[in-house]
$ cat entry13.pdb   # PDB, C-alpha atoms, pLDDT in the B column
MODEL        1
ATOM      1  CA  MET L   4     -12.205 -34.060   0.234  1.00 83.00           C
ATOM      2  CA  ARG L   5     -10.236 -31.561   2.393  1.00 81.00           C
ATOM      3  CA  ALA L   6      -6.926 -33.152   1.446  1.00 87.00           C
ATOM      4  CA  ARG L   7      -7.783 -33.023  -2.253  1.00 89.00           C
ATOM      5  CA  LEU L   8      -8.793 -29.382  -1.927  1.00 89.00           C
ATOM      6  CA  ALA L   9      -5.546 -28.610  -0.087  1.00 88.00           C
ATOM      7  CA  ASN L  10      -3.703 -30.130  -3.061  1.00 89.00           C
ATOM      8  CA  ASP L  11      -5.338 -27.708  -5.535  1.00 91.00           C
ATOM      9  CA  ASP L  12      -7.840 -30.255  -6.850  1.00 89.00           C
ATOM     10  CA  THR L  13     -10.406 -28.199  -8.778  1.00 93.00           C
ATOM     11  CA  GLU L  14     -12.768 -31.175  -9.073  1.00 95.00           C
ATOM     12  CA  ALA L  15     -12.843 -31.462  -5.274  1.00 93.00           C
ATOM     13  CA  PHE L  16     -13.550 -27.745  -5.038  1.00 95.00           C
ATOM     14  CA  GLU L  17     -16.392 -28.037  -7.569  1.00 96.00           C
ATOM     15  CA  ALA L  18     -17.873 -30.961  -5.625  1.00 95.00           C
ATOM     16  CA  ILE L  19     -17.729 -28.964  -2.400  1.00 95.00           C
ATOM     17  CA  PHE L  20     -19.310 -25.997  -4.165  1.00 96.00           C
ATOM     18  CA  ARG L  21     -22.118 -28.143  -5.585  1.00 96.00           C
ATOM     19  CA  ARG L  22     -22.770 -29.714  -2.183  1.00 96.00           C
ATOM     20  CA  LEU L  23     -22.589 -26.581  -0.018  1.00 96.00           C
ATOM     21  CA  SER L  24     -23.424 -23.548  -2.163  1.00 96.00           C
ATOM     22  CA  GLU L  25     -27.206 -23.827  -1.818  1.00 96.00           C
ATOM     23  CA  PRO L  26     -27.201 -24.380   1.987  1.00 96.00           C
ATOM     24  CA  VAL L  27     -24.666 -21.550   2.415  1.00 96.00           C
ATOM     25  CA  PHE L  28     -26.797 -19.285   0.210  1.00 96.00           C
ATOM     26  CA  ARG L  29     -29.932 -20.016   2.302  1.00 95.00           C
ATOM     27  CA  TYR L  30     -27.956 -19.385   5.500  1.00 95.00           C
ATOM     28  CA  VAL L  31     -26.567 -16.073   4.217  1.00 95.00           C
ATOM     29  CA  CYS L  32     -29.944 -15.046   2.774  1.00 93.00           C
ATOM     30  CA  GLY L  33     -31.465 -15.516   6.228  1.00 93.00           C
ATOM     31  CA  MET L  34     -28.877 -13.165   7.651  1.00 93.00           C
ATOM     32  CA  VAL L  35     -29.064 -10.388   5.035  1.00 93.00           C
ATOM     33  CA  SER L  36     -32.638 -10.650   3.611  1.00 84.00           C
ATOM     34  CA  ASP L  37     -31.379  -9.602   0.173  1.00 90.00           C
ATOM     35  CA  GLU L  38     -30.981 -12.353  -2.408  1.00 93.00           C
ATOM     36  CA  SER L  39     -28.598 -10.398  -4.641  1.00 93.00           C
ATOM     37  CA  LEU L  40     -26.300  -9.584  -1.734  1.00 94.00           C
ATOM     38  CA  ALA L  41     -26.613 -13.177  -0.480  1.00 95.00           C
ATOM     39  CA  HIS L  42     -25.459 -14.457  -3.878  1.00 96.00           C
ATOM     40  CA  ASP L  43     -22.468 -12.096  -3.803  1.00 95.00           C
ATOM     41  CA  LEU L  44     -21.518 -13.087  -0.265  1.00 96.00           C
ATOM     42  CA  THR L  45     -21.900 -16.772  -1.090  1.00 97.00           C
ATOM     43  CA  GLN L  46     -19.607 -16.363  -4.093  1.00 96.00           C
ATOM     44  CA  ASP L  47     -17.146 -14.424  -1.930  1.00 95.00           C
ATOM     45  CA  THR L  48     -17.196 -17.243   0.605  1.00 96.00           C
ATOM     46  CA  PHE L  49     -16.260 -19.853  -1.971  1.00 96.00           C
ATOM     47  CA  ALA L  50     -13.654 -17.606  -3.559  1.00 95.00           C
ATOM     48  CA  LYS L  51     -12.119 -17.227  -0.096  1.00 94.00           C
ATOM     49  CA  LEU L  52     -12.306 -20.995   0.417  1.00 95.00           C
ATOM     50  CA  TRP L  53     -10.276 -21.500  -2.755  1.00 94.00           C
ATOM     51  CA  THR L  54      -7.648 -18.984  -1.680  1.00 92.00           C
ATOM     52  CA  ALA L  55      -7.460 -20.589   1.777  1.00 91.00           C
ATOM     53  CA  ARG L  56      -7.294 -24.148   0.437  1.00 92.00           C
ATOM     54  CA  ASP L  57      -3.729 -24.640   1.684  1.00 89.00           C
ATOM     55  CA  ARG L  58      -5.035 -24.412   5.271  1.00 87.00           C
ATOM     56  CA  MET L  59      -7.522 -27.267   4.881  1.00 87.00           C
ATOM     57  CA  ALA L  60      -5.289 -29.851   6.557  1.00 82.00           C
ATOM     58  CA  SER L  61      -5.894 -28.176   9.927  1.00 85.00           C
ATOM     59  CA  VAL L  62      -9.687 -27.932   9.471  1.00 88.00           C
ATOM     60  CA  ASP L  63     -11.754 -30.462  11.431  1.00 89.00           C
ATOM     61  CA  SER L  64     -15.083 -29.915   9.678  1.00 91.00           C
ATOM     62  CA  LEU L  65     -15.106 -28.476   6.181  1.00 93.00           C
ATOM     63  CA  ARG L  66     -18.848 -27.753   6.386  1.00 94.00           C
ATOM     64  CA  ALA L  67     -18.478 -25.832   9.657  1.00 93.00           C
ATOM     65  CA  TYR L  68     -15.458 -23.984   8.257  1.00 93.00           C
ATOM     66  CA  VAL L  69     -17.356 -22.860   5.140  1.00 95.00           C
ATOM     67  CA  PHE L  70     -20.367 -21.720   7.175  1.00 95.00           C
ATOM     68  CA  ARG L  71     -18.080 -19.817   9.560  1.00 94.00           C
ATOM     69  CA  MET L  72     -16.440 -18.141   6.552  1.00 94.00           C
ATOM     70  CA  ALA L  73     -19.891 -17.181   5.235  1.00 95.00           C
ATOM     71  CA  ARG L  74     -20.917 -15.791   8.619  1.00 95.00           C
ATOM     72  CA  ASN L  75     -17.725 -13.736   8.787  1.00 93.00           C
ATOM     73  CA  ARG L  76     -18.331 -12.417   5.246  1.00 94.00           C
ATOM     74  CA  VAL L  77     -21.817 -11.301   6.324  1.00 94.00           C
ATOM     75  CA  TYR L  78     -20.520  -9.637   9.492  1.00 93.00           C
ATOM     76  CA  ASN L  79     -17.752  -7.858   7.561  1.00 91.00           C
ATOM     77  CA  GLN L  80     -20.234  -6.645   4.944  1.00 92.00           C
ATOM     78  CA  GLN L  81     -22.622  -5.406   7.638  1.00 91.00           C
ATOM     79  CA  ARG L  82     -19.828  -3.650   9.506  1.00 91.00           C
ATOM     80  CA  ASP L  83     -18.597  -2.007   6.318  1.00 90.00           C
ATOM     81  CA  ALA L  84     -22.135  -0.903   5.411  1.00 88.00           C
ATOM     82  CA  ARG L  85     -22.610   0.627   8.885  1.00 90.00           C
ATOM     83  CA  THR L  86     -19.301   2.472   8.573  1.00 90.00           C
ATOM     84  CA  ARG L  87     -20.211   3.824   5.126  1.00 89.00           C
ATOM     85  CA  ARG L  88     -23.651   4.908   6.399  1.00 89.00           C
ATOM     86  CA  LYS L  89     -22.130   6.605   9.443  1.00 89.00           C
ATOM     87  CA  ASN L  90     -19.566   8.432   7.296  1.00 87.00           C
ATOM     88  CA  ARG L  91     -22.252   9.535   4.827  1.00 87.00           C
ATOM     89  CA  ASP L  92     -24.433  10.795   7.693  1.00 86.00           C
ATOM     90  CA  GLN L  93     -21.526  12.706   9.209  1.00 84.00           C
ATOM     91  CA  LEU L  94     -20.693  14.296   5.862  1.00 83.00           C
ATOM     92  CA  ARG L  95     -24.328  15.221   5.288  1.00 83.00           C
ATOM     93  CA  GLU L  96     -24.557  16.705   8.783  1.00 82.00           C
ATOM     94  CA  ALA L  97     -21.357  18.691   8.295  1.00 77.00           C
ATOM     95  CA  ALA L  98     -22.579  19.965   4.922  1.00 75.00           C
ATOM     96  CA  LEU L  99     -25.895  21.104   6.422  1.00 78.00           C
ATOM     97  CA  HIS L 100     -24.419  22.883   9.425  1.00 76.00           C
ATOM     98  CA  GLY L 101     -21.032  23.955   8.192  1.00 69.00           C
ATOM     99  CA  SER L 102     -20.225  27.079   6.331  1.00 63.00           C
ATOM    100  CA  PRO L 103     -18.286  26.890   3.093  1.00 61.00           C
ATOM    101  CA  PRO L 104     -14.535  27.124   3.564  1.00 60.00           C
ATOM    102  CA  ALA L 105     -12.867  30.479   3.165  1.00 64.00           C
ATOM    103  CA  PRO L 106     -10.979  30.871  -0.142  1.00 65.00           C
ATOM    104  CA  ASP L 107      -7.583  30.577   1.583  1.00 64.00           C
ATOM    105  CA  GLN L 108      -8.710  27.381   3.359  1.00 62.00           C
ATOM    106  CA  ALA L 109      -9.892  25.916   0.059  1.00 62.00           C
ATOM    107  CA  LEU L 110      -6.550  26.761  -1.525  1.00 64.00           C
ATOM    108  CA  ASP L 111      -4.682  25.179   1.412  1.00 72.00           C
ATOM    109  CA  ALA L 112      -6.816  22.063   1.076  1.00 75.00           C
ATOM    110  CA  ASP L 113      -6.132  21.865  -2.665  1.00 79.00           C
ATOM    111  CA  LEU L 114      -2.386  22.283  -2.133  1.00 83.00           C
ATOM    112  CA  LEU L 115      -2.362  19.688   0.616  1.00 82.00           C
ATOM    113  CA  ARG L 116      -4.311  17.286  -1.601  1.00 84.00           C
ATOM    114  CA  ASP L 117      -1.711  17.788  -4.366  1.00 87.00           C
ATOM    115  CA  HIS L 118       1.143  17.177  -1.921  1.00 86.00           C
ATOM    116  CA  LEU L 119      -0.559  14.064  -0.601  1.00 87.00           C
ATOM    117  CA  GLN L 120      -0.955  12.685  -4.118  1.00 87.00           C
ATOM    118  CA  ASP L 121       2.736  13.328  -4.815  1.00 90.00           C
ATOM    119  CA  TRP L 122       3.745  11.674  -1.545  1.00 91.00           C
ATOM    120  CA  ILE L 123       1.630   8.626  -2.347  1.00 90.00           C
ATOM    121  CA  GLU L 124       3.174   8.374  -5.817  1.00 90.00           C
ATOM    122  CA  ASN L 125       6.635   8.412  -4.240  1.00 92.00           C
ATOM    123  CA  LEU L 126       5.943   5.560  -1.812  1.00 92.00           C
ATOM    124  CA  PRO L 127       7.682   2.243  -2.493  1.00 93.00           C
ATOM    125  CA  ASP L 128       5.703   0.298  -5.095  1.00 91.00           C
ATOM    126  CA  ARG L 129       4.272  -2.387  -2.782  1.00 92.00           C
ATOM    127  CA  GLN L 130       3.283   0.142  -0.110  1.00 92.00           C
ATOM    128  CA  ARG L 131       1.594   2.348  -2.696  1.00 91.00           C
ATOM    129  CA  GLU L 132      -0.233  -0.628  -4.209  1.00 90.00           C
ATOM    130  CA  ALA L 133      -1.490  -1.912  -0.847  1.00 91.00           C
ATOM    131  CA  LEU L 134      -2.552   1.556   0.311  1.00 89.00           C
ATOM    132  CA  THR L 135      -4.329   2.321  -2.967  1.00 87.00           C
ATOM    133  CA  LEU L 136      -6.198  -0.985  -2.985  1.00 87.00           C
ATOM    134  CA  ARG L 137      -7.299  -0.451   0.615  1.00 86.00           C
ATOM    135  CA  ARG L 138      -8.174   3.247   0.601  1.00 83.00           C
ATOM    136  CA  GLN L 139      -9.277   3.897  -2.971  1.00 78.00           C
ATOM    137  CA  GLN L 140     -10.626   0.508  -4.035  1.00 77.00           C
ATOM    138  CA  ASP L 141     -12.023  -0.292  -0.551  1.00 80.00           C
ATOM    139  CA  LEU L 142     -10.667  -3.847  -0.592  1.00 82.00           C
ATOM    140  CA  GLY L 143     -10.070  -5.827   2.574  1.00 85.00           C
ATOM    141  CA  HIS L 144      -6.668  -7.099   3.673  1.00 87.00           C
ATOM    142  CA  ASP L 145      -7.462 -10.658   2.543  1.00 86.00           C
ATOM    143  CA  GLU L 146      -8.527  -9.489  -0.909  1.00 85.00           C
ATOM    144  CA  ILE L 147      -5.427  -7.328  -1.227  1.00 89.00           C
ATOM    145  CA  ALA L 148      -3.267 -10.242  -0.087  1.00 87.00           C
ATOM    146  CA  ASP L 149      -4.786 -12.408  -2.820  1.00 85.00           C
ATOM    147  CA  LEU L 150      -4.219  -9.756  -5.475  1.00 83.00           C
ATOM    148  CA  MET L 151      -0.664  -9.004  -4.394  1.00 87.00           C
ATOM    149  CA  ASP L 152       0.139 -12.668  -3.688  1.00 87.00           C
ATOM    150  CA  ILE L 153       1.335 -11.939  -0.146  1.00 90.00           C
ATOM    151  CA  ALA L 154       0.132 -12.710   3.376  1.00 89.00           C
ATOM    152  CA  PRO L 155      -2.567 -10.474   4.932  1.00 87.00           C
ATOM    153  CA  SER L 156      -0.095  -9.566   7.683  1.00 90.00           C
ATOM    154  CA  THR L 157       2.301  -8.313   5.017  1.00 93.00           C
ATOM    155  CA  VAL L 158      -0.509  -6.206   3.544  1.00 91.00           C
ATOM    156  CA  ASN L 159      -1.016  -4.720   6.985  1.00 91.00           C
ATOM    157  CA  ASN L 160       2.713  -4.003   7.291  1.00 93.00           C
ATOM    158  CA  HIS L 161       2.811  -2.276   3.882  1.00 94.00           C
ATOM    159  CA  ILE L 162      -0.194  -0.104   4.742  1.00 93.00           C
ATOM    160  CA  ALA L 163       1.113   0.744   8.207  1.00 93.00           C
ATOM    161  CA  ARG L 164       4.511   1.770   6.814  1.00 95.00           C
ATOM    162  CA  ALA L 165       2.893   3.836   4.048  1.00 93.00           C
ATOM    163  CA  LEU L 166       0.645   5.654   6.525  1.00 93.00           C
ATOM    164  CA  LYS L 167       3.569   6.295   8.872  1.00 94.00           C
ATOM    165  CA  GLN L 168       5.588   7.794   6.032  1.00 93.00           C
ATOM    166  CA  LEU L 169       2.635   9.953   4.931  1.00 91.00           C
ATOM    167  CA  ARG L 170       2.114  11.177   8.521  1.00 90.00           C
ATOM    168  CA  GLU L 171       5.781  12.107   8.758  1.00 90.00           C
ATOM    169  CA  ARG L 172       5.619  14.034   5.495  1.00 89.00           C
ATOM    170  CA  LEU L 173       2.453  15.794   6.598  1.00 87.00           C
ATOM    171  CA  HIS L 174       4.090  16.795   9.877  1.00 86.00           C
ATOM    172  CA  GLU L 175       7.158  18.094   8.015  1.00 86.00           C
ATOM    173  CA  HIS L 176       4.894  20.057   5.682  1.00 82.00           C
ATOM    174  CA  ARG L 177       2.527  21.377   8.342  1.00 74.00           C
ATOM    175  CA  SER L 178       3.813  20.965  11.861  1.00 72.00           C
ATOM    176  CA  ASP L 179       0.639  22.631  13.167  1.00 68.00           C
ATOM    177  CA  LEU L 180      -1.365  19.580  12.000  1.00 62.00           C
ATOM    178  CA  ARG L 181      -1.306  16.547  14.245  1.00 56.00           C
ATOM    179  CA  SER L 182      -2.018  13.116  12.782  1.00 46.00           C
TER
ENDMDL
END

$ encode --input "entry13.pdb" --output "structure tokens"
Amino acid sequence: MRARLANDDTEAFEAIFRRLSEPVFRYVCGMVSDESLAHDLTQDTFAKLWTARDRMASVDSLRAYVFRMARNRVYNQQRDARTRRKNRDQLREAALHGSPPAPDQALDADLLRDHLQDWIENLPDRQREALTLRRQQDLGHDEIADLMDIAPSTVNNHIARALKQLRERLHEHRSDLRS
């Protein structure tokens, strides 16, 4: 079955999905206690399996591989949810205890935001695409790699180069700001 999947056999993929989707769903549901989220994570797991099908030749146990993928999807989702919660809490805390910015600070922030948007628009196309998908669409490196049809390491390289270029421009614009 692994060899057929590695050779882009959609029937093999469907058979694997029929055989493993329910056990994977129950496993994920036990980890997240939310059926809707468990369905999404299960679907994500099988979507990832399809995109990783070319690596099946090196997999010893397809069942173990799929369950490990599902576990990793759950852990990534939980980590991302914690990060979003932490950021929301920090923003709420800052809003409660902070004073509104002075008019000149607000103007500086608006100007800097405009510059940043211009700098992003002037990045090389692939860097801009990878950065936008990561930062604005909140996609992971693997998802971006699938969309851009490149390796996840290449996604990382594009994002790292884009951020480096943006830091350099920020430093040129405001040398008093350290990135």

$ closest_residue --input "entry13.pdb" --among "L:Gln139, L:Leu52, L:Pro127, L:Arg66" --to "Ala165 (chain L)" --atoms "all atoms listed in the file"
L:Pro127

$ resolve_selection --input "entry13.pdb" --expression "the PyMOL selection byres ((chain L and resi 158-164) around 10)" --output "ChimeraX atom specification"
/L:126-138,143-149,151-157,165-170

$ atom_distance --input "entry13.pdb" --atom1 "CA of Ile123 (chain L)" --atom2 "CA of Leu150 (chain L)"
19.5 Å

$ atom_distance --input "entry13.pdb" --atom1 "CA of Asp111 (chain L)" --atom2 "CA of His174 (chain L)"
14.8 Å

$ closest_residue --input "entry13.pdb" --among "L:Asn125, L:Phe20, L:His118, L:Arg85" --to "Leu65 (chain L)" --atoms "all atoms listed in the file"
L:Phe20

$ closest_residue --input "entry13.pdb" --among "L:Val27, L:Met34, L:Gln93, L:Arg56" --to "Thr13 (chain L)" --atoms "all atoms listed in the file"
L:Arg56

$ atom_distance --input "entry13.pdb" --atom1 "CA of Ala50 (chain L)" --atom2 "CA of Glu38 (chain L)"
18.1 Å

$ resolve_selection --input "entry13.pdb" --expression "the PyMOL selection byres ((chain L and resi 9) around 12)" --output "compact mmCIF listing (two decimals) with C-alpha atoms, keeping the file's coordinate frame"
# COMPACT_ATOMS: atom_id res chain seq x y z
CA MET L 4 -12.20 -34.06 0.23
CA ARG L 5 -10.24 -31.56 2.39
CA ALA L 6 -6.93 -33.15 1.45
CA ARG L 7 -7.78 -33.02 -2.25
CA LEU L 8 -8.79 -29.38 -1.93
CA ASN L 10 -3.70 -30.13 -3.06
CA ASP L 11 -5.34 -27.71 -5.54
CA ASP L 12 -7.84 -30.26 -6.85
CA THR L 13 -10.41 -28.20 -8.78
CA GLU L 14 -12.77 -31.18 -9.07
CA ALA L 15 -12.84 -31.46 -5.27
CA PHE L 16 -13.55 -27.74 -5.04
CA LEU L 52 -12.31 -21.00 0.42
CA TRP L 53 -10.28 -21.50 -2.76
CA THR L 54 -7.65 -18.98 -1.68
CA ALA L 55 -7.46 -20.59 1.78
CA ARG L 56 -7.29 -24.15 0.44
CA ASP L 57 -3.73 -24.64 1.68
CA ARG L 58 -5.04 -24.41 5.27
CA MET L 59 -7.52 -27.27 4.88
CA ALA L 60 -5.29 -29.85 6.56
CA SER L 61 -5.89 -28.18 9.93
CA VAL L 62 -9.69 -27.93 9.47
CA LEU L 65 -15.11 -28.48 6.18

$ residues_around --input "entry13.pdb" --residues "Glu25 (chain L)" --least-positions-apart "4" --cutoff "12 Å" --atoms "all atoms listed in the file" --output "list in words"
Ile19, Phe20, Arg21, Arg29, Tyr30, Val31, Cys32, Ala41, His42, Thr45, Gln46, Phe49 and Phe70 of chain L

$ build_atoms --input "entry13.pdb" --residues "region 163-179 of chain L" --atoms "N, CA, C and O atoms" --output "PDB file, in the frame of the given file"
ATOM      1  N   ALA L 163       0.658   0.033   7.012  1.00 93.00           N
ATOM      2  CA  ALA L 163       1.113   0.744   8.207  1.00 93.00           C
ATOM      3  C   ALA L 163       2.361   1.582   7.907  1.00 93.00           C
ATOM      4  O   ALA L 163       2.447   2.744   8.329  1.00 93.00           O
ATOM      5  N   ARG L 164       3.291   1.020   7.162  1.00 95.00           N
ATOM      6  CA  ARG L 164       4.511   1.770   6.814  1.00 95.00           C
ATOM      7  C   ARG L 164       4.186   2.960   5.904  1.00 95.00           C
ATOM      8  O   ARG L 164       4.749   4.044   6.063  1.00 95.00           O
ATOM      9  N   ALA L 165       3.277   2.744   4.959  1.00 93.00           N
ATOM     10  CA  ALA L 165       2.893   3.836   4.048  1.00 93.00           C
ATOM     11  C   ALA L 165       2.243   4.968   4.838  1.00 93.00           C
ATOM     12  O   ALA L 165       2.578   6.144   4.647  1.00 93.00           O
ATOM     13  N   LEU L 166       1.322   4.621   5.738  1.00 93.00           N
ATOM     14  CA  LEU L 166       0.645   5.654   6.525  1.00 93.00           C
ATOM     15  C   LEU L 166       1.620   6.385   7.439  1.00 93.00           C
ATOM     16  O   LEU L 166       1.529   7.608   7.614  1.00 93.00           O
ATOM     17  N   LYS L 167       2.559   5.659   8.016  1.00 94.00           N
ATOM     18  CA  LYS L 167       3.569   6.295   8.872  1.00 94.00           C
ATOM     19  C   LYS L 167       4.386   7.299   8.064  1.00 94.00           C
ATOM     20  O   LYS L 167       4.616   8.431   8.508  1.00 94.00           O
ATOM     21  N   GLN L 168       4.792   6.902   6.877  1.00 93.00           N
ATOM     22  CA  GLN L 168       5.588   7.794   6.032  1.00 93.00           C
ATOM     23  C   GLN L 168       4.760   9.019   5.622  1.00 93.00           C
ATOM     24  O   GLN L 168       5.270  10.151   5.620  1.00 93.00           O
ATOM     25  N   LEU L 169       3.487   8.822   5.302  1.00 91.00           N
ATOM     26  CA  LEU L 169       2.635   9.953   4.931  1.00 91.00           C
ATOM     27  C   LEU L 169       2.425  10.901   6.116  1.00 91.00           C
ATOM     28  O   LEU L 169       2.438  12.121   5.951  1.00 91.00           O
ATOM     29  N   ARG L 170       2.251  10.333   7.323  1.00 90.00           N
ATOM     30  CA  ARG L 170       2.114  11.177   8.521  1.00 90.00           C
ATOM     31  C   ARG L 170       3.368  12.011   8.750  1.00 90.00           C
ATOM     32  O   ARG L 170       3.285  13.190   9.090  1.00 90.00           O
ATOM     33  N   GLU L 171       4.523  11.385   8.573  1.00 90.00           N
ATOM     34  CA  GLU L 171       5.781  12.107   8.758  1.00 90.00           C
ATOM     35  C   GLU L 171       5.907  13.247   7.754  1.00 90.00           C
ATOM     36  O   GLU L 171       6.300  14.359   8.097  1.00 90.00           O
ATOM     37  N   ARG L 172       5.554  12.980   6.512  1.00 89.00           N
ATOM     38  CA  ARG L 172       5.619  14.034   5.495  1.00 89.00           C
ATOM     39  C   ARG L 172       4.635  15.154   5.788  1.00 89.00           C
ATOM     40  O   ARG L 172       4.956  16.332   5.597  1.00 89.00           O
ATOM     41  N   LEU L 173       3.460  14.786   6.249  1.00 87.00           N
ATOM     42  CA  LEU L 173       2.453  15.794   6.598  1.00 87.00           C
ATOM     43  C   LEU L 173       2.969  16.662   7.744  1.00 87.00           C
ATOM     44  O   LEU L 173       2.844  17.890   7.707  1.00 87.00           O
ATOM     45  N   HIS L 174       3.562  16.039   8.738  1.00 86.00           N
ATOM     46  CA  HIS L 174       4.090  16.795   9.877  1.00 86.00           C
ATOM     47  C   HIS L 174       5.230  17.719   9.438  1.00 86.00           C
ATOM     48  O   HIS L 174       5.334  18.857   9.910  1.00 86.00           O
ATOM     49  N   GLU L 175       6.078  17.243   8.535  1.00 86.00           N
ATOM     50  CA  GLU L 175       7.158  18.094   8.015  1.00 86.00           C
ATOM     51  C   GLU L 175       6.584  19.292   7.250  1.00 86.00           C
ATOM     52  O   GLU L 175       7.090  20.408   7.338  1.00 86.00           O
ATOM     53  N   HIS L 176       5.512  19.021   6.514  1.00 82.00           N
ATOM     54  CA  HIS L 176       4.894  20.057   5.682  1.00 82.00           C
ATOM     55  C   HIS L 176       4.114  21.059   6.534  1.00 82.00           C
ATOM     56  O   HIS L 176       4.204  22.267   6.310  1.00 82.00           O
ATOM     57  N   ARG L 177       3.367  20.528   7.473  1.00 74.00           N
ATOM     58  CA  ARG L 177       2.527  21.377   8.342  1.00 74.00           C
ATOM     59  C   ARG L 177       2.648  20.880   9.765  1.00 74.00           C
ATOM     60  O   ARG L 177       1.883  20.047  10.210  1.00 74.00           O
ATOM     61  N   SER L 178       3.595  21.427  10.492  1.00 72.00           N
ATOM     62  CA  SER L 178       3.813  20.965  11.861  1.00 72.00           C
ATOM     63  C   SER L 178       2.662  21.349  12.785  1.00 72.00           C
ATOM     64  O   SER L 178       2.548  20.788  13.876  1.00 72.00           O
ATOM     65  N   ASP L 179       1.788  22.253  12.345  1.00 68.00           N
ATOM     66  CA  ASP L 179       0.639  22.631  13.167  1.00 68.00           C
ATOM     67  C   ASP L 179      -0.476  21.572  13.084  1.00 68.00           C
ATOM     68  O   ASP L 179      -1.393  21.573  13.901  1.00 68.00           O
TER      69      ASP L 179
END
